[in-house]
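Heads up, input-v6.pdb below (PDB, C-alpha atoms):
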ATOM      1  CA  MET P   1       6.713 -22.390 -20.265
ATOM      2  CA  ASP P   2       4.315 -22.550 -17.352
ATOM      3  CA  ALA P   3       0.768 -21.771 -18.439
ATOM      4  CA  THR P   4       0.251 -19.174 -15.708
ATOM      5  CA  ILE P   5       3.421 -17.305 -16.668
ATOM      6  CA  GLN P   6       2.291 -17.313 -20.290
ATOM      7  CA  TRP P   7      -1.091 -15.981 -19.173
ATOM      8  CA  LEU P   8       0.689 -13.068 -17.493
ATOM      9  CA  LEU P   9       2.669 -12.346 -20.637
ATOM     10  CA  ASP P  10      -0.524 -12.436 -22.705
ATOM     11  CA  SER P  11      -2.485 -10.333 -20.209
ATOM     12  CA  GLY P  12      -2.471  -7.061 -22.107
ATOM     13  CA  GLU P  13      -1.186  -5.307 -18.982
ATOM     14  CA  PRO P  14       2.247  -3.945 -19.915
ATOM     15  CA  TRP P  15       3.168  -3.377 -16.245
ATOM     16  CA  THR P  16       2.462  -7.062 -15.579
ATOM     17  CA  GLN P  17       4.288  -8.153 -18.718
ATOM     18  CA  TYR P  18       7.297  -6.001 -17.881
ATOM     19  CA  ARG P  19       7.631  -7.115 -14.277
ATOM     20  CA  THR P  20       6.987 -10.763 -15.187
ATOM     21  CA  MET P  21       9.900 -10.679 -17.623
ATOM     22  CA  VAL P  22      12.232  -8.960 -15.165
ATOM     23  CA  ASP P  23      11.215 -10.485 -11.811
ATOM     24  CA  LEU P  24       9.971 -13.973 -12.688
ATOM     25  CA  LEU P  25      11.861 -14.801 -15.872
ATOM     26  CA  LYS P  26      14.975 -12.796 -14.943
ATOM     27  CA  ARG P  27      15.178 -11.195 -18.354
ATOM     28  CA  LEU P  28      17.636  -8.332 -18.798
ATOM     29  CA  GLU P  29      16.315  -4.784 -18.966
ATOM     30  CA  ALA P  30      18.134  -4.222 -22.246
ATOM     31  CA  GLU P  31      16.460  -7.113 -24.092
ATOM     32  CA  PRO P  32      14.206  -5.859 -26.916
ATOM     33  CA  GLU P  33      11.032  -7.527 -25.589
ATOM     34  CA  VAL P  34      11.600  -6.054 -22.129
ATOM     35  CA  VAL P  35      12.264  -2.605 -23.558
ATOM     36  CA  ALA P  36       9.113  -2.854 -25.655
ATOM     37  CA  ALA P  37       6.968  -3.879 -22.688
ATOM     38  CA  ARG P  38       8.344  -1.034 -20.607
ATOM     39  CA  SER P  39       7.659   1.446 -23.402
ATOM     40  CA  ARG P  40       4.075   0.222 -23.675
ATOM     41  CA  MET P  41       3.711   0.636 -19.921
ATOM     42  CA  LEU P  42       4.919   4.241 -19.981
ATOM     43  CA  ALA P  43       2.535   5.067 -22.825
ATOM     44  CA  HIS P  44      -0.504   3.304 -21.364
ATOM     45  CA  PRO P  45      -3.431   5.629 -20.544
ATOM     46  CA  GLN P  46      -3.867   4.172 -17.047
ATOM     47  CA  VAL P  47      -0.201   4.686 -16.218
ATOM     48  CA  LEU P  48      -0.264   8.203 -17.675
ATOM     49  CA  ALA P  49      -3.239   8.958 -15.427
ATOM     50  CA  LEU P  50      -1.274   7.650 -12.428
ATOM     51  CA  ILE P  51       1.642   9.908 -13.304
ATOM     52  CA  GLU P  52      -0.748  12.854 -13.583
ATOM     53  CA  SER P  53      -2.115  12.022 -10.143
ATOM     54  CA  ALA P  54       1.348  11.612  -8.623
ATOM     55  CA  VAL P  55       2.421  15.009  -9.966
ATOM     56  CA  ARG P  56      -0.346  16.513  -7.820
ATOM     57  CA  TRP P  57       1.346  15.223  -4.691
ATOM     58  CA  GLY P  58       1.468  17.988  -2.105
ATOM     59  CA  GLU P  59      -1.735  19.664  -3.279
ATOM     60  CA  LYS P  60      -4.145  17.473  -1.321
ATOM     61  CA  PRO P  61      -3.699  16.876   2.408
ATOM     62  CA  VAL P  62      -3.783  13.399   3.896
ATOM     63  CA  LYS P  63      -6.802  13.160   6.186
ATOM     64  CA  ARG P  64      -6.785   9.397   6.642
ATOM     65  CA  HIS P  65      -3.949   7.065   5.783
ATOM     66  CA  ASN P  66      -6.061   4.428   4.069
ATOM     67  CA  ASP P  67      -7.302   6.865   1.431
ATOM     68  CA  ALA P  68      -6.248   4.956  -1.683
ATOM     69  CA  SER P  69      -7.170   7.894  -3.920
ATOM     70  CA  HIS P  70      -4.419  10.084  -2.484
ATOM     71  CA  PRO P  71      -1.503  10.905  -4.847
ATOM     72  CA  LEU P  72       0.842   9.278  -2.323
ATOM     73  CA  TYR P  73      -0.420   5.872  -3.458
ATOM     74  CA  ALA P  74      -0.295   6.766  -7.131
ATOM     75  CA  LEU P  75       3.400   7.443  -6.557
ATOM     76  CA  SER P  76       4.039   4.227  -4.632
ATOM     77  CA  THR P  77       2.181   2.180  -7.259
ATOM     78  CA  LEU P  78       4.286   3.674 -10.031
ATOM     79  CA  ALA P  79       7.311   2.667  -7.974
ATOM     80  CA  ASP P  80       5.868  -0.849  -7.695
ATOM     81  CA  PHE P  81       5.498  -0.989 -11.468
ATOM     82  CA  GLY P  82       9.159  -0.100 -11.904
ATOM     83  CA  LEU P  83       9.164   3.481 -13.088
ATOM     84  CA  GLN P  84      12.451   5.296 -12.631
ATOM     85  CA  ALA P  85      13.619   8.789 -11.787
ATOM     86  CA  ASP P  86      14.154   9.806 -15.405
ATOM     87  CA  ASP P  87      10.788   8.635 -16.735
ATOM     88  CA  PRO P  88       8.376  11.331 -17.970
ATOM     89  CA  GLY P  89       6.707  13.216 -15.128
ATOM     90  CA  ILE P  90       8.705  11.534 -12.379
ATOM     91  CA  PRO P  91      11.438  14.202 -11.963
ATOM     92  CA  GLU P  92       8.741  16.741 -11.084
ATOM     93  CA  VAL P  93       7.320  14.494  -8.378
ATOM     94  CA  ILE P  94      10.747  13.719  -6.942
ATOM     95  CA  GLU P  95      11.607  17.425  -6.785
ATOM     96  CA  LYS P  96       8.421  18.098  -4.835
ATOM     97  CA  VAL P  97       9.069  15.309  -2.329
ATOM     98  CA  LEU P  98      12.715  16.263  -1.775
ATOM     99  CA  ALA P  99      11.680  19.864  -1.110
ATOM    100  CA  HIS P 100       9.885  18.818   2.072
ATOM    101  CA  GLN P 101      12.236  17.102   4.476
ATOM    102  CA  ALA P 102      12.169  17.529   8.239
ATOM    103  CA  PRO P 103      15.413  18.491  10.016
ATOM    104  CA  GLU P 104      15.508  15.043  11.621
ATOM    105  CA  GLY P 105      15.396  13.394   8.182
ATOM    106  CA  ALA P 106      11.863  12.166   7.460
ATOM    107  CA  PHE P 107      10.131  13.324   4.294
ATOM    108  CA  GLN P 108       7.060  15.376   5.036
ATOM    109  CA  THR P 109       3.521  15.188   3.717
ATOM    110  CA  LEU P 110       0.759  17.767   3.691
ATOM    111  CA  VAL P 111      -1.625  16.475   6.364
ATOM    112  CA  PHE P 112      -4.734  17.625   8.170
ATOM    113  CA  ILE P 113      -4.950  16.552  11.812
ATOM    114  CA  PRO P 114      -7.917  17.676  13.910
ATOM    115  CA  SER P 115      -7.104  19.422  17.177
ATOM    116  CA  ALA P 116      -8.921  16.615  18.999
ATOM    117  CA  PHE P 117      -6.051  14.333  17.974
ATOM    118  CA  GLY P 118      -3.276  16.767  18.730
ATOM    119  CA  GLY P 119      -3.299  18.596  15.413
ATOM    120  CA  THR P 120      -3.961  22.170  14.430
ATOM    121  CA  ASP P 121      -7.196  21.896  12.404
ATOM    122  CA  GLU P 122      -5.167  23.237   9.497
ATOM    123  CA  ASP P 123      -3.171  21.714   6.651
ATOM    124  CA  MET P 124       0.479  21.438   7.616
ATOM    125  CA  TRP P 125       3.696  19.908   6.318
ATOM    126  CA  THR P 126       4.849  17.271   8.766
ATOM    127  CA  TRP P 127       5.518  13.554   9.005
ATOM    128  CA  ILE P 128       3.954  10.522  10.653
ATOM    129  CA  ALA P 129       5.234   6.947  10.669
ATOM    130  CA  CYS P 130       2.414   5.917   8.340
ATOM    131  CA  ASP P 131       3.347   8.240   5.467
ATOM    132  CA  ALA P 132       7.066   9.080   5.628
ATOM    133  CA  PRO P 133       8.258   5.483   4.965
ATOM    134  CA  THR P 134       6.065   5.252   1.860
ATOM    135  CA  LEU P 135       7.705   8.356   0.434
ATOM    136  CA  LEU P 136      11.104   6.933   1.314
ATOM    137  CA  TYR P 137      10.282   3.589  -0.329
ATOM    138  CA  SER P 138       9.050   5.353  -3.461
ATOM    139  CA  LEU P 139      12.203   7.448  -3.840
ATOM    140  CA  GLN P 140      14.398   4.390  -3.331
ATOM    141  CA  ALA P 141      12.425   2.287  -5.801
ATOM    142  CA  LEU P 142      12.564   5.122  -8.332
ATOM    143  CA  GLY P 143      16.345   4.797  -8.237
ATOM    144  CA  ILE P 144      17.664   7.677  -6.129
ATOM    145  CA  GLY P 145      18.581   5.713  -3.023
ATOM    146  CA  ASN P 146      22.115   7.119  -3.092
ATOM    147  CA  ASP P 147      20.931  10.716  -2.770
ATOM    148  CA  TRP P 148      22.136  12.068   0.581
ATOM    149  CA  ARG P 149      18.645  13.254   1.485
ATOM    150  CA  VAL P 150      17.237   9.782   0.939
ATOM    151  CA  GLN P 151      20.049   8.273   3.005
ATOM    152  CA  LYS P 152      19.334  10.745   5.791
ATOM    153  CA  ALA P 153      15.679   9.707   5.757
ATOM    154  CA  GLN P 154      16.708   6.055   5.897
ATOM    155  CA  GLU P 155      18.953   6.665   8.901
ATOM    156  CA  HIS P 156      16.089   8.403  10.640
ATOM    157  CA  LEU P 157      13.742   5.513   9.903
ATOM    158  CA  VAL P 158      16.218   3.019  11.360
ATOM    159  CA  SER P 159      16.534   5.134  14.494
ATOM    160  CA  LEU P 160      12.792   4.906  15.189
ATOM    161  CA  ALA P 161      12.798   1.128  15.713
ATOM    162  CA  ILE P 162      12.356   0.034  19.322
ATOM    163  CA  GLU P 163      12.018  -3.271  21.138
ATOM    164  CA  ASN P 164       8.566  -4.063  19.737
ATOM    165  CA  GLY P 165       9.116  -2.663  16.264
ATOM    166  CA  TYR P 166       7.696   0.652  15.125
ATOM    167  CA  ARG P 167       5.144   2.597  17.116
ATOM    168  CA  CYS P 168       3.036   5.507  15.940
ATOM    169  CA  ALA P 169       5.889   8.008  15.818
ATOM    170  CA  ALA P 170       5.384  11.544  14.576
ATOM    171  CA  ALA P 171       7.246  14.810  14.103
ATOM    172  CA  PRO P 172       8.235  16.755  17.236
ATOM    173  CA  GLU P 173       6.076  19.710  16.235
ATOM    174  CA  LEU P 174       2.971  17.522  16.559
ATOM    175  CA  GLY P 175       3.513  17.444  20.289
ATOM    176  CA  ARG P 176       0.951  15.245  21.969
ATOM    177  CA  PHE P 177      -0.314  13.676  18.754
ATOM    178  CA  ARG P 178      -0.363   9.924  18.499
ATOM    179  CA  GLY P 179      -2.479   7.428  16.641
ATOM    180  CA  PRO P 180      -5.239   5.283  18.114
ATOM    181  CA  GLY P 181      -4.500   2.474  20.533
ATOM    182  CA  ARG P 182      -2.264   2.222  23.557
ATOM    183  CA  ARG P 183       0.864   4.340  23.596
ATOM    184  CA  GLU P 184       3.173   1.382  24.205
ATOM    185  CA  ASP P 185       1.710  -0.724  21.383
ATOM    186  CA  PRO P 186       3.429  -1.025  18.014
ATOM    187  CA  CYS P 187       1.558   0.172  14.948
ATOM    188  CA  PRO P 188       1.162  -2.756  12.511
ATOM    189  CA  ILE P 189       0.886  -0.644   9.365
ATOM    190  CA  ALA P 190       3.888   1.482  10.359
ATOM    191  CA  ASN P 191       5.918  -1.725  10.595
ATOM    192  CA  VAL P 192       4.755  -2.773   7.121
ATOM    193  CA  TYR P 193       5.691   0.585   5.613
ATOM    194  CA  ALA P 194       9.027   0.661   7.436
ATOM    195  CA  LEU P 195       9.986  -2.823   6.296
ATOM    196  CA  LYS P 196       9.241  -1.950   2.694
ATOM    197  CA  ALA P 197      11.634   0.985   2.845
ATOM    198  CA  LEU P 198      14.262  -0.978   4.772
ATOM    199  CA  SER P 199      14.140  -3.753   2.161
ATOM    200  CA  LEU P 200      15.672  -1.482  -0.469
ATOM    201  CA  ASP P 201      18.761  -0.746   1.618
ATOM    202  CA  PRO P 202      21.259  -3.658   1.399
ATOM    203  CA  GLU P 203      22.790  -2.604   4.709
ATOM    204  CA  GLN P 204      19.439  -3.100   6.440
ATOM    205  CA  SER P 205      18.461  -6.430   4.884
ATOM    206  CA  ASP P 206      19.552  -8.272   8.017
ATOM    207  CA  GLY P 207      19.663  -5.334  10.411
ATOM    208  CA  GLU P 208      18.167  -4.998  13.841
ATOM    209  CA  ALA P 209      15.390  -2.649  12.726
ATOM    210  CA  ALA P 210      14.218  -5.127  10.083
ATOM    211  CA  HIS P 211      14.282  -8.002  12.565
ATOM    212  CA  LEU P 212      12.262  -6.029  15.119
ATOM    213  CA  ALA P 213       9.644  -4.977  12.576
ATOM    214  CA  ALA P 214       9.358  -8.455  11.059
ATOM    215  CA  GLU P 215       8.975 -10.026  14.491
ATOM    216  CA  MET P 216       6.184  -7.591  15.299
ATOM    217  CA  LEU P 217       4.237  -8.651  12.196
ATOM    218  CA  LEU P 218       4.913 -12.370  12.585
ATOM    219  CA  GLY P 219       4.022 -12.217  16.260
ATOM    220  CA  HIS P 220       0.770 -10.448  15.493
ATOM    221  CA  TRP P 221      -0.159 -13.183  13.026
ATOM    222  CA  GLN P 222       0.781 -15.915  15.494
ATOM    223  CA  GLN P 223      -1.078 -14.331  18.418
ATOM    224  CA  SER P 224      -4.025 -12.935  16.481
ATOM    225  CA  ARG P 225      -6.504 -14.284  19.021
ATOM    226  CA  GLU P 226      -4.675 -12.781  21.981
ATOM    227  CA  LYS P 227      -3.127  -9.611  20.536
ATOM    228  CA  LYS P 228      -5.546  -6.888  19.550
ATOM    229  CA  TYR P 229      -4.266  -3.625  18.112
ATOM    230  CA  TYR P 230      -6.794  -0.877  17.571
ATOM    231  CA  LEU P 231      -7.833  -0.703  13.878
ATOM    232  CA  PHE P 232      -5.616  -3.650  12.918
ATOM    233  CA  GLY P 233      -6.974  -7.168  13.121
ATOM    234  CA  VAL P 234      -5.911 -10.444  11.529
ATOM    235  CA  GLY P 235      -9.351 -11.742  10.627
ATOM    236  CA  SER P 236     -11.394 -12.278   7.491
ATOM    237  CA  ASP P 237     -10.865  -8.756   6.131
ATOM    238  CA  PHE P 238      -7.113  -9.051   6.627
ATOM    239  CA  ARG P 239      -7.096 -12.208   4.493
ATOM    240  CA  LYS P 240      -8.834 -10.612   1.495
ATOM    241  CA  LEU P 241      -6.568 -10.001  -1.495
ATOM    242  CA  LYS P 242      -6.354  -6.299  -2.206
ATOM    243  CA  TYR P 243      -4.153  -3.873  -4.114
ATOM    244  CA  PRO P 244      -2.694  -1.199  -4.243
ATOM    245  CA  PHE P 245      -0.518  -1.620  -1.182
ATOM    246  CA  VAL P 246      -2.247   0.887   1.043
ATOM    247  CA  TRP P 247      -3.268  -0.787   4.267
ATOM    248  CA  TYR P 248      -2.812  -3.819   6.509
ATOM    249  CA  ASP P 249      -3.732  -7.022   4.660
ATOM    250  CA  ILE P 250      -2.258 -10.424   3.928
ATOM    251  CA  LEU P 251      -0.864  -9.632   0.470
ATOM    252  CA  HIS P 252       0.822  -6.454   1.675
ATOM    253  CA  VAL P 253       2.308  -8.168   4.724
ATOM    254  CA  CYS P 254       3.523 -11.211   2.763
ATOM    255  CA  GLU P 255       5.003  -8.892   0.149
ATOM    256  CA  VAL P 256       7.152  -6.999   2.616
ATOM    257  CA  LEU P 257       8.139 -10.023   4.710
ATOM    258  CA  SER P 258       9.184 -11.964   1.603
ATOM    259  CA  ARG P 259      11.783  -9.291   0.884
ATOM    260  CA  PHE P 260      13.869 -10.526   3.858
ATOM    261  CA  GLN P 261      15.636 -13.866   3.577
ATOM    262  CA  PHE P 262      15.749 -14.357   7.347
ATOM    263  CA  VAL P 263      11.941 -14.625   7.301
ATOM    264  CA  HIS P 264      11.650 -17.317   4.636
ATOM    265  CA  ALA P 265      12.181 -20.291   6.940
ATOM    266  CA  ASP P 266       9.972 -18.933   9.725
ATOM    267  CA  HIS P 267       7.049 -21.271  10.352
ATOM    268  CA  ARG P 268       4.675 -18.358  10.974
ATOM    269  CA  PHE P 269       5.488 -16.884   7.591
ATOM    270  CA  LYS P 270       4.960 -20.238   5.906
ATOM    271  CA  VAL P 271       1.530 -20.555   7.476
ATOM    272  CA  MET P 272       0.625 -17.034   6.347
ATOM    273  CA  LEU P 273       1.894 -17.821   2.855
ATOM    274  CA  ALA P 274      -0.202 -20.994   2.788
ATOM    275  CA  ASP P 275      -3.265 -18.924   3.600
ATOM    276  CA  LEU P 276      -2.422 -16.557   0.765
ATOM    277  CA  THR P 277      -1.669 -19.182  -1.898
ATOM    278  CA  GLY P 278      -4.715 -21.167  -0.883
ATOM    279  CA  GLN P 279      -6.852 -18.448  -2.464
ATOM    280  CA  ALA P 280      -5.837 -19.458  -5.991
ATOM    281  CA  ASP P 281      -8.490 -20.765  -8.372
ATOM    282  CA  GLU P 282      -8.236 -24.042 -10.285
ATOM    283  CA  ALA P 283      -6.049 -22.329 -12.899
ATOM    284  CA  SER P 284      -3.655 -21.008 -10.223
ATOM    285  CA  ARG P 285      -4.837 -17.448 -10.726
ATOM    286  CA  PHE P 286      -5.850 -14.904  -8.113
ATOM    287  CA  THR P 287      -8.865 -12.613  -7.913
ATOM    288  CA  ALA P 288      -9.360  -9.584  -5.692
ATOM    289  CA  ALA P 289     -11.591 -10.262  -2.701
ATOM    290  CA  SER P 290     -11.755  -6.574  -1.840
ATOM    291  CA  MET P 291     -11.118  -3.402  -3.785
ATOM    292  CA  TYR P 292     -10.588   0.328  -3.533
ATOM    293  CA  THR P 293     -13.352   1.974  -5.554
ATOM    294  CA  SER P 294     -11.022   4.789  -6.628
ATOM    295  CA  TRP P 295      -9.049   2.179  -8.597
ATOM    296  CA  LYS P 296     -12.007   0.798 -10.506
ATOM    297  CA  GLY P 297     -10.965  -0.148 -14.027
ATOM    298  CA  TRP P 298      -7.771  -1.926 -13.004
ATOM    299  CA  SER P 299      -7.775  -5.736 -13.004
ATOM    300  CA  PHE P 300      -6.780  -5.828  -9.344
ATOM    301  CA  ALA P 301      -9.952  -3.884  -8.493
ATOM    302  CA  ASP P 302     -12.232  -6.460 -10.088
ATOM    303  CA  LYS P 303     -13.761  -9.008  -7.731
ATOM    304  CA  LYS P 304     -15.325 -11.083 -10.533
ATOM    305  CA  HIS P 305     -12.356 -11.996 -12.699
ATOM    306  CA  PRO P 306      -8.777 -13.182 -12.074
ATOM    307  CA  SER P 307      -6.195 -10.404 -12.023
ATOM    308  CA  ALA P 308      -2.922 -10.798 -13.861
ATOM    309  CA  TRP P 309      -1.225  -8.250 -11.596
ATOM    310  CA  LEU P 310      -2.416  -9.893  -8.369
ATOM    311  CA  THR P 311      -1.328 -13.274  -9.710
ATOM    312  CA  PHE P 312       2.077 -11.861 -10.588
ATOM    313  CA  LEU P 313       2.472 -10.402  -7.092
ATOM    314  CA  VAL P 314       1.810 -13.769  -5.439
ATOM    315  CA  LEU P 315       4.140 -15.604  -7.827
ATOM    316  CA  ARG P 316       6.882 -13.094  -7.148
ATOM    317  CA  ILE P 317       6.540 -13.703  -3.428
ATOM    318  CA  LEU P 318       6.895 -17.424  -4.066
ATOM    319  CA  LYS P 319       9.839 -16.801  -6.354
ATOM    320  CA  ARG P 320      11.597 -14.867  -3.604
ATOM    321  CA  VAL P 321      11.291 -17.707  -1.142
ATOM    322  CA  GLU P 322      12.452 -20.175  -3.794
ATOM    323  CA  GLU P 323       9.213 -22.107  -3.565
ATOM    324  CA  LEU P 324       8.301 -21.824  -7.218
ATOM    325  CA  PRO P 325       9.397 -24.938  -9.108
ATOM    326  CA  GLU P 326       9.145 -24.971 -12.867
ATOM    327  CA  ASN P 327       5.733 -26.667 -12.711
ATOM    328  CA  TYR P 328       4.511 -25.421  -9.366
ATOM    329  CA  VAL P 329       1.365 -26.576  -7.587
ATOM    330  CA  TYR P 330      -0.023 -24.865  -4.527
ATOM    331  CA  LYS P 331      -0.396 -28.060  -2.536
ATOM    332  CA  ILE P 332       3.308 -27.806  -1.701
ATOM    333  CA  TYR P 333       2.339 -25.159   0.889
ATOM    334  CA  PRO P 334       0.420 -27.212   3.463
ATOM    335  CA  LEU P 335      -0.453 -25.889   6.896
ATOM    336  CA  ARG P 336       1.689 -27.790   9.371
TER
END
How does the structure come out when it is put into structure tokens?
Amino acid sequence: MDATIQWLLDSGEPWTQYRTMVDLLKRLEAEPEVVAARSRMLAHPQVLALIESAVRWGEKPVKRHNDASHPLYALSTLADFGLQADDPGIPEVIEKVLAHQAPEGAFQTLVFIPSAFGGTDEDMWTWIACDAPTLLYSLQALGIGNDWRVQKAQEHLVSLAIENGYRCAAAPELGRFRGPGRREDPCPIANVYALKALSLDPEQSDGEAAHLAAEMLLGHWQQSREKKYYLFGVGSDFRKLKYPFVWYDILHVCEVLSRFQFVHADHRFKVMLADLTGQADEASRFTAASMYTSWKGWSFADKKHPSAWLTFLVLRILKRVEELPENYVYKIYPLR
């Protein structure tokens, strides 16, 4: 067995062990070792703390969408780990999210928007294109994608795609609100979030909305010197490995793009992937180059030591694009 895969299995992180077995080794969920790893994950103190945080969703307003401490990202991380709708604590969170759905279909979040930006200076339940797709993704990943409310939210998300991908859309009641930047510009992070939700709907895996959003991201990478979107650059900070998936960075973008087969052969994606894989150490392991301080204590928030979870995430991307031979070496991803 490849030494790096064995390192993941020996990591002591049950979420990494579980997802390595299922996603990289294609082990069946019912196999005893997989069941045991999943049970250890659900009982782990760090995961229990995440569940406790997620259950508080709706109590704390979103004031900025890169606040990694918000319960929204505890929920999405649990979804990343592979928790399901019937796991302890999750039904309560799902019930809370489903209770707040706009008439047009998007799931709402408690947000605080200053009047200077078109808000009310008060907490309010509403939706913006940089929070609703994350809720949608989480519900789908938790296994309730067939629920009619989730399908309604998906239809609404698809309807928001325009010729240059996803812009900073928001609920009608927000009136003149819009995010920073020019009105006609797409919002890079909204496209990332949208693609992640679209990826879990088989009917959208090759749909127009996915193509438009993917092209926006690939085009931004390709034209990074010419295209400048307010708040979202493709420079040194963008290239730093970082988790959880909160904001606009190379790991997050490669993760969502790799979910779509039509992207795999795109030269721009290959160049981006080469940049990502080139950050491996001599043992083919990956270390965080940036971190969210609210996640201190997790291996992916440690800039001094390789992270099993970050390494798994990169290997899964490579696995998706069928670029992971049995004895892989990163030199097979040259810039060209």
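For the atom pair formed by atom CA of Arg167 of chain P and atom CA of Glu95 of chain P, the distance is 28.9 Å, given to one decimal.
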Residues matched by the PyMOL selection byres ((chain P and resi 6) around 12) as a VMD selection string
chain P and resid 1 to 5 7 to 12 16 to 17 20 to 21 24 to 25 285 308 311 to 312
Mind telling me what the PyMOL selection byres ((chain P and resi 191-194) around 7) catches here, as a PDB file with C-alpha atoms, keeping the file's coordinate frame?
ATOM      1  CA  CYS P 130       2.414   5.917   8.340  1.00  0.00           C
ATOM      2  CA  PRO P 133       8.258   5.483   4.965  1.00  0.00           C
ATOM      3  CA  THR P 134       6.065   5.252   1.860  1.00  0.00           C
ATOM      4  CA  GLY P 165       9.116  -2.663  16.264  1.00  0.00           C
ATOM      5  CA  TYR P 166       7.696   0.652  15.125  1.00  0.00           C
ATOM      6  CA  CYS P 187       1.558   0.172  14.948  1.00  0.00           C
ATOM      7  CA  PRO P 188       1.162  -2.756  12.511  1.00  0.00           C
ATOM      8  CA  ILE P 189       0.886  -0.644   9.365  1.00  0.00           C
ATOM      9  CA  ALA P 190       3.888   1.482  10.359  1.00  0.00           C
ATOM     10  CA  LEU P 195       9.986  -2.823   6.296  1.00  0.00           C
ATOM     11  CA  LYS P 196       9.241  -1.950   2.694  1.00  0.00           C
ATOM     12  CA  ALA P 197      11.634   0.985   2.845  1.00  0.00           C
ATOM     13  CA  LEU P 198      14.262  -0.978   4.772  1.00  0.00           C
ATOM     14  CA  ALA P 213       9.644  -4.977  12.576  1.00  0.00           C
ATOM     15  CA  VAL P 253       2.308  -8.168   4.724  1.00  0.00           C
ATOM     16  CA  VAL P 256       7.152  -6.999   2.616  1.00  0.00           C
TER      17      VAL P 256
END
Find the residues near Glu155 of chain P: any atom within 8 Å, counting all atoms listed in the file, skip ones fewer than 4 places away on the same chain, and give them as number ranges by chain.
P: 105, 151, 159
Evaluated on this file, the PyMOL selection byres ((chain P and resi 51) around 10) picks out some residues - which ones are they, written as a list in words?
Leu42, Pro45, Gln46, Val47, Leu48, Ala49, Leu50, Glu52, Ser53, Ala54, Val55, Arg56, Pro71, Ala74, Leu75, Thr77, Leu78, Leu83, Asp87, Pro88, Gly89, Ile90 and Val93 of chain P
Enclose the full set of atoms of segment 231-236 of chain P listed in the file within a box whose edges lie along x, y and z, apply 4 Å of padding to each of the six sides, and report centre and edge lengths in Å to one decimal as AutoDock Vina command-line options.
--center_x -8.5 --center_y -6.5 --center_z 10.7 --size_x 13.8 --size_y 19.6 --size_z 14.4
Using all atoms listed in the file, what does the table of segment 160-198 of chain P residues within 8 Å of segment 124-129 of chain P look like, with each row giving the shortest atom pair and its distance in Å to one decimal, sorted by chain and ascending number, as JSON lines?
{"residue": "P:Arg167", "atom": "CA", "partner": "P:Ala129", "partner_atom": "CA", "distance": 7.8}
{"residue": "P:Cys168", "atom": "CA", "partner": "P:Ala129", "partner_atom": "CA", "distance": 5.9}
{"residue": "P:Ala169", "atom": "CA", "partner": "P:Ala129", "partner_atom": "CA", "distance": 5.3}
{"residue": "P:Ala170", "atom": "CA", "partner": "P:Ile128", "partner_atom": "CA", "distance": 4.3}
{"residue": "P:Ala171", "atom": "CA", "partner": "P:Trp127", "partner_atom": "CA", "distance": 5.5}
{"residue": "P:Glu173", "atom": "CA", "partner": "P:Thr126", "partner_atom": "CA", "distance": 8.0}
{"residue": "P:Ala190", "atom": "CA", "partner": "P:Ala129", "partner_atom": "CA", "distance": 5.6}
Can I get the selection written as a PDB file, keeping the file's coordinate frame, with C-alpha atoms?
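Written output follows (selection01.pdb):
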ATOM      1  CA  ARG P 167       5.144   2.597  17.116  1.00  0.00           C
ATOM      2  CA  CYS P 168       3.036   5.507  15.940  1.00  0.00           C
ATOM      3  CA  ALA P 169       5.889   8.008  15.818  1.00  0.00           C
ATOM      4  CA  ALA P 170       5.384  11.544  14.576  1.00  0.00           C
ATOM      5  CA  ALA P 171       7.246  14.810  14.103  1.00  0.00           C
ATOM      6  CA  GLU P 173       6.076  19.710  16.235  1.00  0.00           C
ATOM      7  CA  ALA P 190       3.888   1.482  10.359  1.00  0.00           C
TER       8      ALA P 190
END
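Residues surrounding Glu33 of chain P within 12 Å are Leu9, Pro14, Gln17, Tyr18, Arg19, Thr20, Met21, Val22, Arg27, Leu28, Glu29, Ala30, Glu31, Val35, Ala36, Ala37, Arg38, Ser39 and Arg40 of chain P [all atoms listed in the file; sequence separation below 2 positions excluded].
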Which of these residues is nearest to Phe286 of chain P, using all atoms listed in the file: P:His267, P:Arg182, P:Arg259, P:His305?
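Between P:His267, P:Arg182, P:Arg259, P:His305, the residue approaching Phe286 of chain P most closely is P:His305.
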Selected residue, from P:Met272, P:Val111, P:Leu98, P:Met41, that lies nearest to Lys63 of chain P when counting only C-alpha atoms
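Looking at the shortest contact to Lys63 of chain P, the residue is P:Val111.
Close contacts of Gly207 of chain P, defined as residues with an atom at most 12 Å away when counting all atoms listed in the file, with chain neighbours fewer than 5 positions off set aside, comprise Val158, Ser159, Ala161, Leu195, Leu198, Ser199, Asp201, Pro202, Leu212, Ala213, Ala214, Phe260, Gln261 and Phe262 of chain P.
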(0.8, -18.9, 7.0) in this file's frame - what residues fall within 10 Å of it? Use all atoms listed in the file and give the answer as a PyMOL selection string.
chain P and resi 218+221-222+250+254+266-278+333-336
Keeping only C-alpha atoms, write those residues as a compact mmCIF listing (two decimals), in the coordinates of the input.
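Okay, result02.txt is ready:
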# COMPACT_ATOMS: atom_id res chain seq x y z
CA LEU P 218 4.91 -12.37 12.58
CA TRP P 221 -0.16 -13.18 13.03
CA GLN P 222 0.78 -15.92 15.49
CA ILE P 250 -2.26 -10.42 3.93
CA CYS P 254 3.52 -11.21 2.76
CA ASP P 266 9.97 -18.93 9.72
CA HIS P 267 7.05 -21.27 10.35
CA ARG P 268 4.68 -18.36 10.97
CA PHE P 269 5.49 -16.88 7.59
CA LYS P 270 4.96 -20.24 5.91
CA VAL P 271 1.53 -20.56 7.48
CA MET P 272 0.62 -17.03 6.35
CA LEU P 273 1.89 -17.82 2.86
CA ALA P 274 -0.20 -20.99 2.79
CA ASP P 275 -3.26 -18.92 3.60
CA LEU P 276 -2.42 -16.56 0.76
CA THR P 277 -1.67 -19.18 -1.90
CA GLY P 278 -4.72 -21.17 -0.88
CA TYR P 333 2.34 -25.16 0.89
CA PRO P 334 0.42 -27.21 3.46
CA LEU P 335 -0.45 -25.89 6.90
CA ARG P 336 1.69 -27.79 9.37
